[in-house]
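Q: Below: one structure in structure tokens.
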Amino acid sequence: MSYVKIEGGNKLEGELFLQGSKNAVLPILAASILCRGKVMLHHCPDISDVRNLLYTLSFSGVKSTFKEGLLELDTTDAKPYRFGPELAGKTRGGVLLLGACWGRFHEAGMAYPGGCVIGARPIDLHCRVFRQLGAILTEESEGVMLRGCPAGGRVMLSYPSVGATENAVLAAVCATGTTVICGAAREPEITELCRFLNSAGGRIRGMGTSRIVIEGVNGLYGTEYTVSGDRIVAGTYLAAAAVTAGEVCLCGTGQVCLNGILECFRKMGNRVYREGDSVILRAPKRLRAVPGIVTAPYPAFPTDMQSQTVAMLAMAEGESCVTETVFESRFGVVPELQRMGADIKRIGRSVFIRGTEHLHGATVTATDLRSGAALVLAGLAAEGETCVAGYEYIARGYEDICGTLGRLGAMTVVAE
Ligand code: UD1
């Protein structure tokens, strides 16, 4: 296992350009299977989740070249493939291949998906969506098989699951007739998937609301698209400046929706403002506690910023409370922060944080992508050296995190 070594205590200052969004590009990669021809994606992040999904797609006959943020895909010779556990387990984004492959080939098969360990992460809502669109679905111990021709209809989601909404869109875009998705998730990444599909000939409206309407088309064609900046990575780098009493200018964020995140940072005493295509954060000497942060589906505070926020509040002045309502086991960061001297108590789905002035360096372990990022933040602010084991998790979503933080003056390095 690789780890990130951090020498804490440096104030982070400078300018960064924001990488492309992981959660936008993964569904777009799955969607490319529906486009007969060439797809060009600009501003694609070079992260292991993308590389893993490209590898998985290659078994389905999708060819790709990826260089300096430009990803070219050719799906002309794509063919059905039953993705086994070794492929499905690589990334949670892989579950979206079910909807996309079923939409194109009228058959799809996959073992149960992987991804970060942040709860049970079942796929019952996905399966219900497929059934509502006419799938003959068989669930076996080793995975799910879909057959039949997707037929437009009414899809009712009992919870606004991001992935299930995306799978509904992917399965319905080339279905016969019109589909109405009620109770859809409203995350910006869903809007982005729909925009991408529309650029390839899809007829989707209502994205960004809880009612998405899709008129099925006969097929999609090749297209060119630019992936937007990653709102969670943006939040993480702004947080890095905040925990070190620094100042950062994050370029390429003009169109990036930072709802919930910036309000929270302001409550902690940071000065945060937008200027042209950038967001600028100026941190106070010490952050202030925030009494009640609750994660929930968009537009509320994102669960993907929860761990980083807990790390920030561990050093803030006063007492904070953070409640996680999206994933049941997403507090893997808490015992690790305690090893660094944090005063945090967990009761059920909430953590109560009494901010300490200083954390100290320690050897800690990432349990998922965002807890890894959070521990790096804690290490940047801590006294002495911190080793965060599990760099592999962080590389799933952050492009060269050490190089990027290094440009702001951090002393971090990846080691074996
Ligand atoms: C996506 C994001 C992830 C983010 C999450 C919530 C990607 C690749 N990942 O994950 O970064 O943290 O949205 O914003 O875009 N659930 C079920 N049954 C299902 C599906 C989901 O019970 O069939 C539950 C999950 O266990 C979880 C909750 O619903 O508790 C939210 O999951 P969902 O919105 O589906 O998240 P993902 O699409 O997996």
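By convention in this document, the chains of the structure tokens carry letters A, B, ... by their order, each chain's residues are numbered from 1, and ligands are numbered from 1 in the order they are shown.
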Find the spatial neighbours of Leu408 (chain A), counting only C-alpha atoms, within a cut-off of 12 Å - ignore same-chain residues fewer than 3 positions away - and output them as a VMD selection string.

A: chain A and resid 10 to 17 237 to 238 240 to 241 244 246 to 250 380 401 to 405 411 to 412

Q: Just list the residues in region 206-340 of chain A DSSP gives alpha helix (DSSP H) on the backbone, as an NGL selection string.

A: :A and (231-243 or 261-267 or 306-313 or 333-339)

Q: Skip Ser307 (chain A) itself and residues of its chain fewer than 5 positions away, then list as an MDAnalysis selection string all residues within 8 Å of it, counting only C-alpha atoms.

A: chainID A and resid 330:331 333 370:371 374

Q: Could you please extract the residues within 6 Å of ligand 1, counting only C-alpha atoms and all ligand atoms, and hand them back as a PDB file with N, CA and C atoms, in the first residue's frame?

A:
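Done, and the output landed in selection_9.pdb:
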```pdb
ATOM      1  N   ASN A  23     -17.195  12.657 -10.875  1.00  0.00           N
ATOM      2  CA  ASN A  23     -18.572  12.159 -10.899  1.00  0.00           C
ATOM      3  C   ASN A  23     -19.341  12.602 -12.140  1.00  0.00           C
ATOM      4  N   ARG A  92     -17.158   2.075  -8.490  1.00  0.00           N
ATOM      5  CA  ARG A  92     -18.603   2.153  -8.344  1.00  0.00           C
ATOM      6  C   ARG A  92     -19.252   2.685  -9.633  1.00  0.00           C
ATOM      7  N   GLY A  93     -18.522   3.538 -10.353  1.00  0.00           N
ATOM      8  CA  GLY A  93     -19.044   4.100 -11.608  1.00  0.00           C
ATOM      9  C   GLY A  93     -19.394   3.009 -12.615  1.00  0.00           C
ATOM     10  N   ALA A 120     -23.276   0.089   2.713  1.00  0.00           N
ATOM     11  CA  ALA A 120     -23.631  -1.133   1.992  1.00  0.00           C
ATOM     12  C   ALA A 120     -23.640  -0.929   0.472  1.00  0.00           C
ATOM     13  N   ARG A 121     -24.025   0.208   0.015  1.00  0.00           N
ATOM     14  CA  ARG A 121     -24.109   0.563  -1.406  1.00  0.00           C
ATOM     15  C   ARG A 121     -24.821  -0.513  -2.242  1.00  0.00           C
ATOM     16  N   PRO A 122     -26.072  -0.783  -1.912  1.00  0.00           N
ATOM     17  CA  PRO A 122     -26.826  -1.764  -2.697  1.00  0.00           C
ATOM     18  C   PRO A 122     -27.228  -1.191  -4.065  1.00  0.00           C
ATOM     19  N   ILE A 123     -27.817  -2.038  -4.923  1.00  0.00           N
ATOM     20  CA  ILE A 123     -28.265  -1.532  -6.226  1.00  0.00           C
ATOM     21  C   ILE A 123     -29.755  -1.833  -6.456  1.00  0.00           C
ATOM     22  N   ASP A 124     -30.492  -1.965  -5.340  1.00  0.00           N
ATOM     23  CA  ASP A 124     -31.927  -2.273  -5.479  1.00  0.00           C
ATOM     24  C   ASP A 124     -32.679  -1.194  -6.248  1.00  0.00           C
ATOM     25  N   LEU A 125     -32.320   0.076  -6.037  1.00  0.00           N
ATOM     26  CA  LEU A 125     -33.029   1.156  -6.740  1.00  0.00           C
ATOM     27  C   LEU A 125     -32.730   1.105  -8.237  1.00  0.00           C
ATOM     28  N   HIS A 126     -31.510   0.738  -8.579  1.00  0.00           N
ATOM     29  CA  HIS A 126     -31.143   0.605 -10.006  1.00  0.00           C
ATOM     30  C   HIS A 126     -32.008  -0.491 -10.637  1.00  0.00           C
ATOM     31  N   SER A 161     -31.478   8.721  -5.672  1.00  0.00           N
ATOM     32  CA  SER A 161     -30.148   8.134  -5.856  1.00  0.00           C
ATOM     33  C   SER A 161     -29.515   8.695  -7.124  1.00  0.00           C
ATOM     34  N   VAL A 162     -28.271   9.126  -6.986  1.00  0.00           N
ATOM     35  CA  VAL A 162     -27.549   9.696  -8.132  1.00  0.00           C
ATOM     36  C   VAL A 162     -27.365   8.617  -9.197  1.00  0.00           C
ATOM     37  N   GLY A 163     -26.807   7.480  -8.800  1.00  0.00           N
ATOM     38  CA  GLY A 163     -26.508   6.426  -9.767  1.00  0.00           C
ATOM     39  C   GLY A 163     -27.764   5.852 -10.408  1.00  0.00           C
ATOM     40  N   ALA A 164     -28.835   5.657  -9.611  1.00  0.00           N
ATOM     41  CA  ALA A 164     -30.061   5.086 -10.180  1.00  0.00           C
ATOM     42  C   ALA A 164     -30.688   6.068 -11.171  1.00  0.00           C
ATOM     43  N   THR A 303     -22.352  14.977   0.834  1.00  0.00           N
ATOM     44  CA  THR A 303     -21.691  13.946   1.638  1.00  0.00           C
ATOM     45  C   THR A 303     -20.218  13.799   1.253  1.00  0.00           C
ATOM     46  N   ASP A 304     -19.887  14.076  -0.002  1.00  0.00           N
ATOM     47  CA  ASP A 304     -18.495  13.930  -0.442  1.00  0.00           C
ATOM     48  C   ASP A 304     -17.567  14.995   0.155  1.00  0.00           C
ATOM     49  N   VAL A 326     -26.604  10.469   4.183  1.00  0.00           N
ATOM     50  CA  VAL A 326     -26.604   9.792   2.873  1.00  0.00           C
ATOM     51  C   VAL A 326     -26.027   8.374   2.972  1.00  0.00           C
ATOM     52  N   PHE A 327     -24.831   8.253   3.546  1.00  0.00           N
ATOM     53  CA  PHE A 327     -24.194   6.934   3.693  1.00  0.00           C
ATOM     54  C   PHE A 327     -24.069   6.593   5.178  1.00  0.00           C
TER      55      PHE A 327
END
```

Q: If I take CA of Val414 (chain A) and CA of Tyr391 (chain A), how far is one from the other in Å, to one decimal?

A: 7.5 Å

Q: Excluding Met305 (chain A) and any residue of its chain fewer than 3 positions from it, enumerate the residues within 10 Å of it, using only C-alpha atoms, and give them as a ChimeraX atom specification.

A: /A:231-233,235-236,239,260-261,295,301-302,308-310,370-371,373-374

Q: Pick out the closest residue to Ile47 (chain A) from this set: A:Ala283, A:Ala30, A:Phe66, A:Glu86. Count only C-alpha atoms.

A: A:Phe66

Q: When you look at Arg154 (chain A) with a cut-off of 8 Å (counting only C-alpha atoms), what residues show up, excluding the ones that are within fewer than 6 positions of it in the same chain? I need them as a PyMOL selection string.

A: chain A and resi 132-133+179-182

Q: Please, could you write that set of residues out with all heavy atoms as a tab-separated table (two decimals), in the first residue's frame?

A:
```tsv
chain	number	residue	atom	x	y	z
A	132	GLN	N	-38.88	-1.01	-14.24
A	132	GLN	CA	-39.91	-0.04	-14.65
A	132	GLN	C	-39.76	0.32	-16.13
A	132	GLN	O	-40.70	0.79	-16.74
A	132	GLN	CB	-39.83	1.21	-13.77
A	132	GLN	CG	-40.27	0.94	-12.33
A	132	GLN	CD	-40.21	2.19	-11.45
A	132	GLN	OE1	-40.87	3.17	-11.69
A	132	GLN	NE2	-39.41	2.14	-10.41
A	133	LEU	N	-38.58	0.11	-16.68
A	133	LEU	CA	-38.37	0.40	-18.11
A	133	LEU	C	-38.47	-0.89	-18.94
A	133	LEU	O	-38.03	-0.93	-20.09
A	133	LEU	CB	-37.00	1.08	-18.31
A	133	LEU	CG	-36.92	2.52	-17.77
A	133	LEU	CD1	-35.49	3.03	-17.79
A	133	LEU	CD2	-37.82	3.45	-18.59
A	179	THR	N	-40.03	8.65	-21.56
A	179	THR	CA	-39.86	8.27	-20.14
A	179	THR	C	-39.96	9.51	-19.27
A	179	THR	O	-39.40	10.57	-19.62
A	179	THR	CB	-38.47	7.62	-19.94
A	179	THR	OG1	-38.40	6.45	-20.75
A	179	THR	CG2	-38.21	7.26	-18.49
A	180	VAL	N	-40.65	9.39	-18.16
A	180	VAL	CA	-40.67	10.48	-17.18
A	180	VAL	C	-40.08	9.91	-15.88
A	180	VAL	O	-40.59	8.92	-15.35
A	180	VAL	CB	-42.11	10.99	-16.93
A	180	VAL	CG1	-42.10	12.11	-15.90
A	180	VAL	CG2	-42.74	11.46	-18.23
A	181	ILE	N	-38.98	10.52	-15.42
A	181	ILE	CA	-38.36	10.07	-14.16
A	181	ILE	C	-38.85	11.00	-13.05
A	181	ILE	O	-38.58	12.21	-13.09
A	181	ILE	CB	-36.82	10.11	-14.23
A	181	ILE	CG1	-36.31	9.34	-15.46
A	181	ILE	CG2	-36.20	9.53	-12.96
A	181	ILE	CD1	-34.80	9.48	-15.69
A	182	CYS	N	-39.59	10.45	-12.10
A	182	CYS	CA	-40.11	11.26	-10.98
A	182	CYS	C	-39.26	10.97	-9.74
A	182	CYS	O	-38.92	9.82	-9.48
A	182	CYS	CB	-41.55	10.89	-10.67
A	182	CYS	SG	-42.62	11.10	-12.09
```

Q: Just how far from CA of Thr253 (chain A) is CA of Gln306 (chain A), in Å to one decimal?

A: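 It comes out at 20.4 Å.
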
Q: Can you list, as a list in words, every protein, DNA or RNA residue that comes within 8 Å of Asn270 (chain A) when you count only C-alpha atoms, leaving out same-chain residues fewer than 6 positions away?

A: Ala242, Leu281, Arg282, Ala283, Pro284 and Leu287 of chain A

Q: Please identify all polymer residues within 12 Å of Glu142 (chain A), counting only C-alpha atoms, omitting same-chain residues fewer than 2 positions from it, and present them as a list in words.

A: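 Surrounding residues, per the criterion: Arg82, Phe83, Gly84, Pro85, Glu86, Ala88, Gly89, Gly109, Met110, Ala111, Tyr112, Pro113, Thr138, Glu139, Glu140, Val144 and Met145 of chain A.
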
Q: Interatomic distance between CA of Ser278 (chain A) and CA of Gly229 (chain A)?

A: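 Those two atoms sit 11.2 Å apart.
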
Q: Where does DSSP see strand (DSSP E) in region 248-328 of chain A, if you list the residues as a list in words?

A: Val248, Cys249, Leu250, Cys251, Arg271, Val272, Tyr273, Arg274, Glu275, Ser278, Val279, Ile280, Leu281, Arg282, Ile293, Val294, Glu319, Ser320, Cys321, Val322 and Thr323 of chain A

Q: So, counting only C-alpha atoms, which residue among A:Thr223, A:Val173, A:Ile204, A:Trp102 is closest to Leu73 (chain A)?

A: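 Using only C-alpha atoms, the shortest distance to Leu73 (chain A) belongs to A:Thr223.
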